[in-house]
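> CSV, C-alpha atoms, file structure-v5.csv:
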```
chain,number,residue,atom,x,y,z
A,88,MET,CA,62.7,37.8,78.5
A,89,ALA,CA,65.6,38.1,81.0
A,90,VAL,CA,64.2,41.4,82.4
A,91,ILE,CA,60.8,39.7,83.0
A,92,ASN,CA,62.3,36.6,84.6
A,93,ALA,CA,64.5,38.8,86.9
A,94,VAL,CA,61.4,40.6,88.1
A,95,ALA,CA,59.5,37.3,88.6
A,96,ALA,CA,62.5,35.9,90.6
A,97,ARG,CA,62.6,39.0,92.8
A,98,ARG,CA,58.8,38.6,93.4
A,99,ASN,CA,59.3,34.9,94.2
A,100,VAL,CA,57.0,33.9,91.3
A,101,PRO,CA,57.7,30.5,89.6
A,102,TYR,CA,56.8,31.8,86.1
A,103,GLY,CA,57.5,34.9,84.1
A,104,ALA,CA,58.4,35.3,80.4
A,105,GLN,CA,57.2,33.1,77.5
A,106,ASP,CA,59.6,32.0,74.9
A,107,SER,CA,59.7,35.0,72.5
A,108,ARG,CA,61.6,33.1,69.8
A,109,SER,CA,59.0,30.3,69.8
A,110,LEU,CA,56.1,32.8,69.6
A,111,ARG,CA,57.7,34.6,66.7
A,112,ILE,CA,58.3,31.3,64.8
A,113,GLY,CA,54.7,30.2,65.5
A,114,ALA,CA,53.3,33.4,64.2
A,115,THR,CA,55.4,33.4,61.0
A,116,ALA,CA,55.5,29.7,60.2
A,117,ASN,CA,51.9,28.8,60.6
A,118,THR,CA,48.8,30.0,58.8
A,119,TRP,CA,46.3,32.0,60.9
A,120,PRO,CA,42.7,33.2,60.1
A,121,ALA,CA,42.5,36.8,59.0
A,122,ARG,CA,42.1,39.0,62.1
A,123,THR,CA,41.2,42.7,62.3
A,124,THR,CA,40.2,45.1,65.2
A,125,VAL,CA,38.7,48.3,64.1
A,126,ALA,CA,37.7,51.3,66.2
A,127,THR,CA,34.6,53.5,65.7
A,128,PRO,CA,35.2,56.3,65.2
A,129,GLY,CA,38.3,55.5,63.2
A,130,GLU,CA,40.4,58.3,64.8
A,131,CYS,CA,40.4,56.3,68.0
A,132,GLN,CA,42.5,53.5,66.5
A,133,PRO,CA,45.7,54.6,68.4
A,134,PHE,CA,44.1,53.3,71.6
A,135,VAL,CA,43.4,49.8,70.2
A,136,ALA,CA,45.6,47.0,71.5
A,137,LYS,CA,48.0,45.5,69.0
A,138,ASP,CA,47.3,42.0,67.8
A,139,PRO,CA,49.7,39.4,69.4
A,140,ILE,CA,50.3,37.8,66.0
A,141,ASP,CA,51.2,41.1,64.4
A,142,ILE,CA,53.6,41.9,67.3
A,143,ALA,CA,55.3,38.5,66.9
A,144,LYS,CA,55.6,39.0,63.1
A,145,ASP,CA,57.2,42.4,63.4
A,146,ALA,CA,60.9,41.5,62.8
A,147,GLY,CA,61.9,45.2,63.3
A,148,THR,CA,60.9,45.2,66.9
A,149,SER,CA,62.1,43.0,69.8
A,150,PHE,CA,59.4,41.8,72.1
A,151,ALA,CA,58.7,39.6,75.1
A,152,THR,CA,55.5,38.6,76.8
A,153,GLY,CA,54.9,37.5,80.3
A,154,ALA,CA,52.5,37.2,83.3
A,155,LEU,CA,52.9,38.2,87.0
A,156,PRO,CA,50.4,38.1,89.8
A,157,ILE,CA,49.6,41.4,91.5
A,158,SER,CA,51.0,40.0,94.8
A,159,GLY,CA,52.3,36.6,96.0
A,160,GLY,CA,50.6,33.3,95.2
A,161,SER,CA,49.8,31.5,91.9
A,162,GLY,CA,47.4,34.2,90.7
A,163,GLY,CA,44.1,33.9,88.8
A,164,PRO,CA,42.2,35.7,86.0
A,165,THR,CA,41.5,38.8,88.1
A,166,THR,CA,44.9,38.8,89.9
A,167,THR,CA,47.4,38.0,87.2
A,168,VAL,CA,48.7,40.8,84.9
A,169,MET,CA,49.5,39.9,81.4
A,170,PHE,CA,51.9,42.1,79.5
A,171,THR,CA,54.1,42.6,76.4
A,172,ILE,CA,57.3,44.6,76.3
A,173,ARG,CA,58.4,45.9,72.9
A,174,SER,CA,61.8,47.4,72.2
A,175,ALA,CA,62.8,49.6,69.3
A,176,ALA,CA,63.9,53.2,68.5
A,177,LYS,CA,61.9,55.7,70.6
A,178,ASP,CA,60.4,57.5,67.6
A,179,VAL,CA,59.3,54.1,66.1
A,180,LEU,CA,57.5,53.2,69.3
A,181,ALA,CA,56.0,56.7,69.7
A,182,SER,CA,54.5,56.7,66.2
A,183,SER,CA,53.3,53.1,66.3
A,184,ASP,CA,52.0,52.8,69.9
A,185,PHE,CA,51.4,56.4,71.1
A,186,ASN,CA,50.3,58.3,68.0
A,187,TYR,CA,47.8,60.7,69.6
A,188,ASN,CA,47.6,64.2,71.2
A,189,ASP,CA,45.6,65.4,74.2
A,190,ASP,CA,42.7,66.5,72.1
A,191,LEU,CA,42.3,63.0,70.6
A,192,LEU,CA,42.6,61.5,74.1
A,193,ALA,CA,39.6,63.6,75.2
A,194,ARG,CA,37.5,62.9,72.1
A,195,CYS,CA,38.1,59.1,72.5
A,196,SER,CA,37.0,59.0,76.1
A,197,GLN,CA,34.6,56.2,74.9
A,198,PHE,CA,34.4,54.3,71.6
A,199,ASP,CA,33.4,51.0,70.1
A,200,LEU,CA,35.6,48.1,68.7
A,201,GLN,CA,34.8,45.4,66.3
A,202,HIS,CA,37.1,42.4,66.3
A,203,THR,CA,36.8,40.0,63.4
A,204,GLU,CA,38.5,36.6,63.1
A,205,GLY,CA,37.7,34.5,60.1
A,206,SER,CA,33.9,34.6,59.9
A,207,ASN,CA,33.3,35.5,63.6
A,208,ALA,CA,32.9,39.0,64.8
A,209,SER,CA,32.6,40.5,68.3
A,210,THR,CA,31.8,44.0,69.4
A,211,TYR,CA,33.2,45.8,72.5
A,212,THR,CA,33.0,49.2,74.2
A,213,VAL,CA,36.2,50.9,75.3
A,214,ARG,CA,36.3,53.6,78.0
A,215,LEU,CA,39.6,55.5,78.7
A,216,LEU,CA,40.6,55.8,82.4
A,217,PRO,CA,42.9,58.2,84.3
A,218,ALA,CA,46.4,56.9,83.8
A,219,PRO,CA,49.2,57.1,86.4
A,220,THR,CA,52.2,59.2,85.8
A,221,ILE,CA,54.8,56.7,84.6
A,222,GLY,CA,57.3,56.8,81.8
A,223,GLU,CA,57.0,59.6,79.2
A,224,ARG,CA,53.5,58.8,78.0
A,225,SER,CA,50.7,56.5,79.3
A,226,PHE,CA,47.1,55.8,78.8
A,227,ALA,CA,44.7,53.4,80.5
A,228,ALA,CA,41.3,51.9,79.5
A,229,VAL,CA,38.7,49.3,80.2
A,230,GLN,CA,37.1,47.1,77.5
A,231,THR,CA,33.8,45.3,77.9
A,232,THR,CA,31.6,43.2,75.6
A,233,LYS,CA,28.7,44.9,73.8
A,234,PRO,CA,26.1,44.0,74.8
A,235,ARG,CA,27.4,42.7,78.1
A,236,GLY,CA,26.2,39.4,79.4
A,237,PRO,CA,25.6,38.4,83.0
A,238,GLY,CA,28.9,37.9,84.8
A,239,ASP,CA,31.0,39.1,81.9
A,240,LEU,CA,34.4,40.4,83.0
A,241,GLY,CA,36.1,43.4,81.5
A,242,GLY,CA,39.7,44.0,80.6
A,243,ALA,CA,41.6,46.9,82.2
A,244,THR,CA,44.7,48.0,80.2
A,245,LEU,CA,47.7,50.2,80.7
A,246,ASN,CA,50.1,51.3,78.0
A,247,VAL,CA,53.4,53.0,78.9
A,248,LEU,CA,56.2,54.6,76.7
A,249,ALA,CA,59.6,54.9,78.4
A,250,GLY,CA,62.5,55.6,76.0
A,251,THR,CA,63.1,52.6,73.8
A,252,LEU,CA,60.5,50.4,75.6
A,253,SER,CA,56.7,50.2,75.1
A,254,LEU,CA,54.7,48.3,77.7
A,255,ALA,CA,51.1,47.0,77.2
A,256,LEU,CA,49.6,45.5,80.4
A,257,SER,CA,46.1,44.0,80.9
A,258,LEU,CA,44.1,42.6,83.8
A,259,SER,CA,40.7,41.0,84.0
A,260,VAL,CA,38.3,43.1,86.1
A,261,THR,CA,34.7,43.5,87.2
A,262,PRO,CA,33.9,46.5,85.1
A,263,ASP,CA,31.3,48.0,87.4
A,264,GLY,CA,33.7,48.4,90.3
A,265,ASP,CA,36.5,50.9,91.1
A,266,LEU,CA,39.0,50.3,88.4
A,267,GLN,CA,41.8,52.5,89.6
A,268,PRO,CA,43.3,49.9,91.9
A,269,ALA,CA,43.6,47.6,88.9
A,270,VAL,CA,45.4,50.3,87.0
A,271,GLU,CA,47.7,51.0,89.9
A,272,SER,CA,48.5,47.3,90.2
A,273,MET,CA,49.5,47.3,86.6
A,274,ALA,CA,51.5,50.4,87.1
A,275,GLY,CA,53.5,48.8,89.9
A,276,ILE,CA,54.5,45.9,87.7
A,277,ALA,CA,55.4,48.3,84.9
A,278,ARG,CA,57.6,50.3,87.2
A,279,ASP,CA,59.4,47.1,88.3
A,280,LEU,CA,60.0,46.1,84.7
A,281,LEU,CA,61.3,49.6,83.7
A,282,ASP,CA,63.5,49.8,86.8
A,283,GLU,CA,65.0,46.4,86.1
A,284,ALA,CA,65.7,47.3,82.5
A,285,ALA,CA,67.3,50.6,83.4
A,286,THR,CA,69.3,49.7,86.5
A,287,ASN,CA,70.2,46.1,86.2
A,288,PRO,CA,70.3,45.1,82.5
A,289,PRO,CA,70.7,41.3,82.5
A,290,ALA,CA,73.4,39.3,80.8
A,291,VAL,CA,72.2,36.9,78.1
A,292,SER,CA,74.1,33.7,77.5
A,293,THR,CA,75.2,32.8,73.9
A,294,PRO,CA,73.3,29.9,72.4
A,295,THR,CA,75.1,26.5,72.1
A,296,PRO,CA,76.5,26.0,68.6
A,297,ASN,CA,74.0,24.0,66.4
A,298,SER,CA,73.9,23.2,62.7
A,299,ARG,CA,70.2,24.1,62.5
A,300,THR,CA,68.4,27.0,64.2
A,301,PRO,CA,64.7,26.5,65.4
A,302,GLU,CA,63.7,28.7,62.5
A,303,GLN,CA,65.5,26.4,60.0
A,304,LEU,CA,64.0,23.3,61.5
A,305,ALA,CA,60.5,24.8,61.4
A,306,ALA,CA,60.9,25.7,57.7
A,307,LEU,CA,62.1,22.1,57.0
A,308,ILE,CA,59.0,20.6,58.6
A,309,GLN,CA,56.5,23.1,57.2
A,310,GLY,CA,57.7,22.3,53.6
A,311,ILE,CA,56.7,18.7,53.8
A,312,PRO,CA,53.0,17.6,54.0
A,313,GLY,CA,52.0,14.8,56.3
A,314,PRO,CA,51.2,11.3,54.9
A,315,ASP,CA,47.6,12.4,54.4
A,316,GLY,CA,48.6,15.7,52.7
A,317,SER,CA,47.8,18.0,55.6
A,318,THR,CA,50.1,20.8,56.8
A,319,ALA,CA,51.6,20.8,60.3
A,320,LEU,CA,50.9,23.4,63.0
A,321,VAL,CA,54.4,23.8,64.3
A,322,HIS,CA,55.9,25.0,67.6
A,323,ALA,CA,59.7,25.6,67.6
A,324,GLN,CA,62.2,26.5,70.3
A,325,LEU,CA,65.6,26.1,71.8
A,326,ILE,CA,65.5,23.5,74.5
A,327,PRO,CA,66.8,25.4,77.6
A,328,ALA,CA,70.4,24.5,78.4
A,329,GLU,CA,69.6,24.4,82.1
A,330,ALA,CA,67.0,21.7,81.5
A,331,ALA,CA,69.6,19.0,82.1
A,332,ALA,CA,70.3,20.0,85.6
A,333,SER,CA,66.6,20.0,86.6
A,334,ALA,CA,65.8,16.6,84.9
A,335,PRO,CA,68.5,14.0,85.4
A,336,PRO,CA,68.3,11.0,83.2
A,337,SER,CA,66.1,8.2,84.4
A,338,GLN,CA,68.0,5.3,86.0
A,339,THR,CA,65.5,2.7,84.7
A,340,ALA,CA,66.5,1.4,81.3
A,341,CYS,CA,62.9,0.5,80.2
A,342,THR,CA,61.4,3.8,81.3
A,343,LEU,CA,60.9,6.5,78.6
A,344,ASP,CA,61.0,9.8,80.6
A,345,ASP,CA,60.3,12.8,78.5
A,346,ALA,CA,61.6,15.3,81.0
A,347,ALA,CA,64.9,13.4,81.3
A,348,TYR,CA,65.1,12.9,77.6
A,349,LEU,CA,64.7,16.6,76.8
A,350,GLY,CA,66.9,17.6,79.7
A,351,ALA,CA,69.7,15.6,78.1
A,352,LEU,CA,69.2,17.6,74.9
A,353,GLY,CA,69.6,21.0,76.5
A,354,GLY,CA,70.7,23.7,73.9
A,355,SER,CA,69.3,21.7,71.0
A,356,SER,CA,66.8,23.1,68.5
A,357,MET,CA,63.4,21.4,68.6
A,358,VAL,CA,60.2,21.5,66.5
A,359,GLN,CA,56.9,19.9,67.5
A,360,GLY,CA,54.3,19.6,64.8
A,361,THR,CA,50.7,18.4,64.7
A,362,TYR,CA,49.0,17.1,61.5
A,363,SER,CA,45.2,16.9,61.4
A,364,GLY,CA,45.3,13.4,60.0
A,365,SER,CA,42.2,11.6,58.5
A,366,PRO,CA,38.9,13.1,59.7
A,367,ALA,CA,37.2,9.7,59.2
A,368,LYS,CA,39.8,8.1,61.6
A,369,LYS,CA,40.0,11.1,63.9
A,370,SER,CA,43.8,10.7,63.7
A,371,PHE,CA,46.2,13.4,64.9
A,372,LEU,CA,49.8,12.6,63.8
A,373,THR,CA,52.4,14.3,66.0
A,374,LEU,CA,56.0,14.9,65.2
A,375,ARG,CA,59.1,15.9,67.1
A,376,ALA,CA,62.3,16.9,65.3
A,377,VAL,CA,65.5,17.7,67.2
A,378,SER,CA,68.7,19.1,65.8
A,379,MET,CA,71.2,18.3,68.6
A,380,ALA,CA,73.5,20.9,69.9
A,381,GLY,CA,77.2,20.4,69.2
A,382,SER,CA,77.8,19.9,72.9
A,383,ILE,CA,75.7,16.7,73.0
A,384,ALA,CA,78.0,13.7,73.4
A,385,THR,CA,77.6,10.0,72.8
A,386,PRO,CA,75.7,7.9,73.7
A,387,TYR,CA,73.1,10.1,72.2
A,388,PRO,CA,69.8,10.4,74.1
A,389,PHE,CA,67.8,9.2,71.0
A,390,ASP,CA,70.0,6.1,70.6
A,391,THR,CA,69.5,5.1,74.3
A,392,ARG,CA,65.7,5.5,73.7
A,393,ALA,CA,65.9,3.4,70.5
A,394,GLU,CA,67.8,0.7,72.2
A,395,ALA,CA,65.2,0.5,75.0
A,396,LEU,CA,62.4,0.1,72.4
A,397,ARG,CA,64.4,-2.6,70.6
A,398,THR,CA,65.2,-4.7,73.7
A,399,CYS,CA,62.6,-4.1,76.4
A,400,SER,CA,59.6,-6.4,76.6
A,401,SER,CA,57.6,-3.7,78.5
A,402,ILE,CA,57.9,0.1,78.7
A,403,THR,CA,56.8,2.6,81.3
A,404,GLU,CA,56.3,6.1,79.8
A,405,LYS,CA,56.5,9.2,81.9
A,406,VAL,CA,54.8,12.0,79.9
A,407,LEU,CA,56.1,15.5,80.3
A,408,GLY,CA,54.2,17.2,83.1
A,409,GLY,CA,52.6,13.9,84.3
A,410,SER,CA,53.0,12.8,87.9
A,411,GLN,CA,52.9,9.0,87.2
A,412,GLY,CA,54.1,6.7,84.5
A,413,ARG,CA,51.8,4.7,82.1
A,414,ALA,CA,52.5,1.2,80.9
A,415,TRP,CA,52.7,0.2,77.3
A,416,SER,CA,51.1,-3.2,76.7
A,417,SER,CA,51.2,-5.5,73.6
A,418,LEU,CA,54.5,-3.8,72.6
A,419,ARG,CA,56.0,-5.3,69.5
A,420,PRO,CA,58.4,-4.1,66.7
A,421,LEU,CA,57.3,-3.3,63.2
A,422,THR,CA,59.1,-4.0,60.0
A,423,ALA,CA,58.6,-0.5,58.4
A,424,VAL,CA,61.6,1.1,60.0
A,425,PRO,CA,63.1,4.4,58.5
A,426,GLY,CA,66.8,4.4,57.6
A,427,GLY,CA,69.3,6.0,60.0
A,428,ASP,CA,72.2,5.7,62.3
A,429,ALA,CA,69.6,4.6,64.9
A,430,SER,CA,65.9,4.0,64.5
A,431,TYR,CA,62.8,2.2,65.8
A,432,ALA,CA,59.3,1.4,64.8
A,433,VAL,CA,56.9,-0.1,67.3
A,434,VAL,CA,53.2,-0.5,68.0
A,435,TYR,CA,51.6,-0.7,71.5
A,436,GLU,CA,48.4,-0.2,73.5
A,437,LEU,CA,47.5,1.8,76.6
A,438,SER,CA,45.3,0.7,79.5
A,439,ASP,CA,42.6,3.2,78.5
A,440,GLY,CA,40.1,0.6,77.4
A,441,THR,CA,40.0,1.9,73.8
A,442,GLY,CA,42.1,-0.9,72.2
A,443,GLN,CA,43.7,1.7,70.0
A,444,LYS,CA,47.0,0.9,68.3
A,445,HIS,CA,49.6,3.5,69.0
A,446,LEU,CA,52.4,3.7,66.5
A,447,ALA,CA,55.9,5.2,67.2
A,448,VAL,CA,58.3,5.5,64.3
A,449,ALA,CA,61.6,7.4,64.5
A,450,ALA,CA,65.2,7.7,63.4
A,451,ARG,CA,68.5,9.6,63.8
A,452,ARG,CA,70.8,10.6,61.0
A,453,GLY,CA,73.8,12.6,62.2
A,454,SER,CA,72.6,15.3,64.6
A,455,LEU,CA,69.0,15.3,63.4
A,456,THR,CA,66.3,13.1,64.9
A,457,ILE,CA,62.7,12.7,63.7
A,458,GLU,CA,60.0,11.1,65.8
A,459,VAL,CA,56.4,10.6,64.7
A,460,ASP,CA,53.4,9.1,66.5
A,461,ASP,CA,50.0,8.1,65.2
A,462,VAL,CA,47.0,6.1,66.3
A,463,ARG,CA,44.9,3.5,64.5
A,464,ALA,CA,41.7,1.7,65.5
A,465,THR,CA,42.3,-1.7,64.0
A,466,GLU,CA,45.2,-4.1,63.5
A,467,ALA,CA,44.6,-4.1,59.7
A,468,GLU,CA,45.6,-0.4,59.6
A,469,VAL,CA,48.8,-0.8,61.5
A,470,GLN,CA,51.2,-1.9,58.8
A,471,PRO,CA,50.1,0.5,56.1
A,472,ALA,CA,50.2,3.4,58.5
A,473,ALA,CA,53.7,2.4,59.7
A,474,GLU,CA,54.9,2.3,56.1
A,475,ALA,CA,53.5,5.7,55.5
A,476,LEU,CA,55.2,7.1,58.7
A,477,ALA,CA,58.6,5.5,57.7
A,478,ALA,CA,58.3,7.0,54.2
A,479,PHE,CA,57.4,10.4,55.8
A,480,VAL,CA,60.5,10.3,58.1
A,481,ASN,CA,62.8,9.3,55.2
A,482,GLN,CA,61.3,12.2,53.2
A,483,ILE,CA,62.2,14.8,55.9
A,484,PHE,CA,65.8,13.4,56.0
A,485,ALA,CA,66.0,13.6,52.2
A,486,LYS,CA,65.0,17.2,52.2
A,487,SER,CA,67.5,18.0,54.9
A,488,GLY,CA,70.3,16.6,52.8
A,489,LEU,CA,70.9,13.6,55.0
```
Let's see the structure in the file written out as structure tokens.

Amino acid sequence: MAVINAVAARRNVPYGAQDSRSLRIGATANTWPARTTVATPGECQPFVAKDPIDIAKDAGTSFATGALPISGGSGGPTTTVMFTIRSAAKDVLASSDFNYNDDLLARCSQFDLQHTEGSNASTYTVRLLPAPTIGERSFAAVQTTKPRGPGDLGGATLNVLAGTLSLALSLSVTPDGDLQPAVESMAGIARDLLDEAATNPPAVSTPTPNSRTPEQLAALIQGIPGPDGSTALVHAQLIPAEAAASAPPSQTACTLDDAAYLGALGGSSMVQGTYSGSPAKKSFLTLRAVSMAGSIATPYPFDTRAEALRTCSSITEKVLGGSQGRAWSSLRPLTAVPGGDASYAVVYELSDGTGQKHLAVAARRGSLTIEVDDVRATEAEVQPAAEALAAFVNQIFAKSGL
């Protein structure tokens, strides 16, 4: 991740690596439909791209994924290169990602693929392309749908083996045009990544001490069904320690600013979960669990938020990534409050014309905070739903030993 971000910074690009740890937790903690990609003829399987879920699940190999535009600007589908770097012993990568000889390369100049996910299947044609001289081994290809529809884009790919690194790059292309410029563009990014890894290996900071890792927090949440019995789809991560500098706390007591809230929790473990809820009510219960880093001092960010919800007659919420705040109306406390060192339970409405009742129930015990949100259509549903949410929060704390 640090290598990717260093190259992105040098290219003056505001984005780079995805959170590899979060991707690995998501791949292993959640249940995914069965996925297979099979080459015909079968001997051409070495030229088939690895499944991202399989890459993330492979605990024996380090990996990072990212995206970089070919040149300056924000990029787009045909100008942004997506890539994965894998790191392991050289012989491991050679056998898993480059297990072919020149004769097989010639025989597989064109072959078919069938990708199956659950009950859905798609067929593609793959054509190998001349690969630039880079690393110790490399091959390039273009993949198109079969049959092709009007306006369908193809995917150009480049795979490179260089010592203990394996790179897989891809770029959307118009498959009928000259594809070599696309391959050379990917090769330029591959060279930058390899040069950065070889000549300027980055220092990586030690995570802030925490009583629970993101993995442990994800396992805690996954083991407990939602109030309706559904299982959560979880996303887990370490909140970046530098977030506090980029998102100073809001100066307005009755404003709930998510960016400032998470910024004050830099270095903490966090899990976000979504439960399907009741199909009849079209409800989607959301959860956020935070295990605070040992460096977080009082007053705790959660306690400040809980105090605002207990004392403010009106609230302005600034959603993460949103440019403007939204007002909570008809805000009132609920009696079904989970136990904790600090807690709250409220119901409110938004100015969206739906009249829906939004429930927010949460508590902190020690360094662990649990926040859950749900939506109900009628007033009669509010109290039973709040009681179920409070019991759910208490159940999570009980399993955690708090």
> To one decimal in Å, tell me the separation between atom CA of A:Ala243 and atom CA of A:Thr212.
12.0 Å
> What is the atom CA of A:Val462 to atom CA of A:Lys444 distance in Å?
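Distance between the two atoms: 5.6 Å.
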> Find the residues near A:Ile157: any atom within 10 Å, counting all atoms listed in the file, skip ones fewer than 3 places away on the same chain, and give them as a PDB file with C-alpha atoms, in the frame of the given file.

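Result written to part.pdb:
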```pdb
ATOM      1  CA  ARG A  98      58.800  38.600  93.400  1.00  0.00           C
ATOM      2  CA  ALA A 154      52.500  37.200  83.300  1.00  0.00           C
ATOM      3  CA  GLY A 160      50.600  33.300  95.200  1.00  0.00           C
ATOM      4  CA  SER A 161      49.800  31.500  91.900  1.00  0.00           C
ATOM      5  CA  GLY A 162      47.400  34.200  90.700  1.00  0.00           C
ATOM      6  CA  GLY A 163      44.100  33.900  88.800  1.00  0.00           C
ATOM      7  CA  THR A 165      41.500  38.800  88.100  1.00  0.00           C
ATOM      8  CA  THR A 166      44.900  38.800  89.900  1.00  0.00           C
ATOM      9  CA  THR A 167      47.400  38.000  87.200  1.00  0.00           C
ATOM     10  CA  VAL A 168      48.700  40.800  84.900  1.00  0.00           C
ATOM     11  CA  LEU A 258      44.100  42.600  83.800  1.00  0.00           C
ATOM     12  CA  ALA A 269      43.600  47.600  88.900  1.00  0.00           C
ATOM     13  CA  GLU A 271      47.700  51.000  89.900  1.00  0.00           C
ATOM     14  CA  SER A 272      48.500  47.300  90.200  1.00  0.00           C
ATOM     15  CA  MET A 273      49.500  47.300  86.600  1.00  0.00           C
ATOM     16  CA  GLY A 275      53.500  48.800  89.900  1.00  0.00           C
ATOM     17  CA  ILE A 276      54.500  45.900  87.700  1.00  0.00           C
TER      18      ILE A 276
END
```
> Excluding A:Ala305 and any residue of its chain fewer than 5 positions from it, enumerate the residues within 8 Å of it, using all atoms listed in the file, and give them as a tab-separated table (two decimals) with C-alpha atoms, in the coordinates of the input.

```tsv
chain	number	residue	atom	x	y	z
A	112	ILE	CA	58.30	31.30	64.80
A	116	ALA	CA	55.50	29.70	60.20
A	321	VAL	CA	54.40	23.80	64.30
A	322	HIS	CA	55.90	25.00	67.60
A	323	ALA	CA	59.70	25.60	67.60
A	358	VAL	CA	60.20	21.50	66.50
```
> Please report the interatomic distance between atom CA of A:Ala193 and atom CA of A:Asn246 in Å with one decimal.
16.4 Å
> Excluding A:Glu223 and its own-chain neighbours fewer than 2 positions away, which residues fall within 7 Å of it when counting only C-alpha atoms? Please give them as a list in words.
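Skipping anything fewer than 2 positions along the chain leaves Ile221, Leu248 and Ala249 of chain A.
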> A:Gly241: which residues within 9 Å, counting only C-alpha atoms, same-chain residues fewer than 3 positions away excluded, as number ranges by chain?
A: 229-232, 258-263
> Store the residues of this selection in a file with C-alpha atoms, as a short mmCIF file (atom, residue, chain, number, x, y, z; two decimals), keeping the file's coordinate frame.

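The resulting file, out-v4.cif, is shown below:
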```
data_model
loop_
_atom_site.label_atom_id
_atom_site.label_comp_id
_atom_site.auth_asym_id
_atom_site.auth_seq_id
_atom_site.Cartn_x
_atom_site.Cartn_y
_atom_site.Cartn_z
CA VAL A 229 38.70 49.30 80.20
CA GLN A 230 37.10 47.10 77.50
CA THR A 231 33.80 45.30 77.90
CA THR A 232 31.60 43.20 75.60
CA LEU A 258 44.10 42.60 83.80
CA SER A 259 40.70 41.00 84.00
CA VAL A 260 38.30 43.10 86.10
CA THR A 261 34.70 43.50 87.20
CA PRO A 262 33.90 46.50 85.10
CA ASP A 263 31.30 48.00 87.40
#
```
> Need to verify the contact set: A:Tyr187, 12 Å, only C-alpha atoms, exclusion of same-chain residues closer than 5 positions in sequence. Can you return it as a list of chain:residue names?
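Skipping anything fewer than 5 positions along the chain leaves A:Glu130, A:Cys131, A:Gln132, A:Pro133, A:Phe134, A:Val135, A:Ala181, A:Ser182, A:Leu192, A:Ala193, A:Arg194, A:Cys195, A:Arg224, A:Ser225, A:Phe226.
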> Let me make sure I understand: among A:Gly360, A:Gly147, A:Pro294, A:Gly264, which one has the smallest atom-to-atom distance to A:Ala306 if we use all atoms listed in the file?
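Once distances to A:Ala306 are computed over all atoms listed in the file, the minimum belongs to A:Gly360.
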> Looking at A:Tyr387, A:Tyr102, A:Trp119, A:Tyr362, which one is nearest to A:Arg375, with distances taken over all atoms listed in the file?
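Under the stated criterion, the closest residue is A:Tyr362.
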> For A:Asp344, which residue out of A:Pro386, A:Gly408, A:Pro268, A:Pro312 is the nearest one, using all atoms listed in the file?
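Nearest candidate to A:Asp344 out of A:Pro386, A:Gly408, A:Pro268, A:Pro312: A:Gly408.
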> Using all atoms listed in the file for the distances, tell me which of A:Pro327, A:Gly242, A:Pro237, A:Gly412 is nearest to A:Val270.
A:Gly242
> Pull N, CA and C atoms for stretch 111-122 of chain A from the block and write them as a PDB file, in the first residue's frame.

```pdb
ATOM      1  N   ARG A 111      -9.097  -7.877   2.941  1.00  0.00           N
ATOM      2  CA  ARG A 111      -8.882  -9.255   3.388  1.00  0.00           C
ATOM      3  C   ARG A 111      -9.951  -9.676   4.405  1.00  0.00           C
ATOM      4  N   ILE A 112     -10.279  -8.755   5.334  1.00  0.00           N
ATOM      5  CA  ILE A 112     -11.317  -9.077   6.314  1.00  0.00           C
ATOM      6  C   ILE A 112     -12.659  -9.270   5.616  1.00  0.00           C
ATOM      7  N   GLY A 113     -12.972  -8.381   4.658  1.00  0.00           N
ATOM      8  CA  GLY A 113     -14.233  -8.509   3.939  1.00  0.00           C
ATOM      9  C   GLY A 113     -14.346  -9.826   3.184  1.00  0.00           C
ATOM     10  N   ALA A 114     -13.222 -10.278   2.614  1.00  0.00           N
ATOM     11  CA  ALA A 114     -13.242 -11.529   1.849  1.00  0.00           C
ATOM     12  C   ALA A 114     -13.419 -12.741   2.738  1.00  0.00           C
ATOM     13  N   THR A 115     -12.836 -12.700   3.941  1.00  0.00           N
ATOM     14  CA  THR A 115     -12.856 -13.875   4.806  1.00  0.00           C
ATOM     15  C   THR A 115     -14.040 -13.890   5.774  1.00  0.00           C
ATOM     16  N   ALA A 116     -14.515 -12.703   6.189  1.00  0.00           N
ATOM     17  CA  ALA A 116     -15.578 -12.650   7.204  1.00  0.00           C
ATOM     18  C   ALA A 116     -16.971 -12.793   6.609  1.00  0.00           C
ATOM     19  N   ASN A 117     -17.121 -12.461   5.334  1.00  0.00           N
ATOM     20  CA  ASN A 117     -18.442 -12.504   4.706  1.00  0.00           C
ATOM     21  C   ASN A 117     -18.598 -13.741   3.838  1.00  0.00           C
ATOM     22  N   THR A 118     -19.835 -14.065   3.527  1.00  0.00           N
ATOM     23  CA  THR A 118     -20.145 -15.201   2.660  1.00  0.00           C
ATOM     24  C   THR A 118     -20.412 -14.691   1.249  1.00  0.00           C
ATOM     25  N   TRP A 119     -19.720 -15.272   0.272  1.00  0.00           N
ATOM     26  CA  TRP A 119     -19.845 -14.823  -1.111  1.00  0.00           C
ATOM     27  C   TRP A 119     -20.378 -15.950  -1.989  1.00  0.00           C
ATOM     28  N   PRO A 120     -21.086 -15.629  -3.068  1.00  0.00           N
ATOM     29  CA  PRO A 120     -21.540 -16.678  -3.993  1.00  0.00           C
ATOM     30  C   PRO A 120     -20.339 -17.430  -4.574  1.00  0.00           C
ATOM     31  N   ALA A 121     -20.524 -18.701  -4.887  1.00  0.00           N
ATOM     32  CA  ALA A 121     -19.454 -19.484  -5.504  1.00  0.00           C
ATOM     33  C   ALA A 121     -19.077 -18.855  -6.846  1.00  0.00           C
ATOM     34  N   ARG A 122     -17.768 -18.685  -7.076  1.00  0.00           N
ATOM     35  CA  ARG A 122     -17.287 -18.052  -8.308  1.00  0.00           C
ATOM     36  C   ARG A 122     -16.206 -18.924  -8.926  1.00  0.00           C
TER      37      ARG A 122
END
```
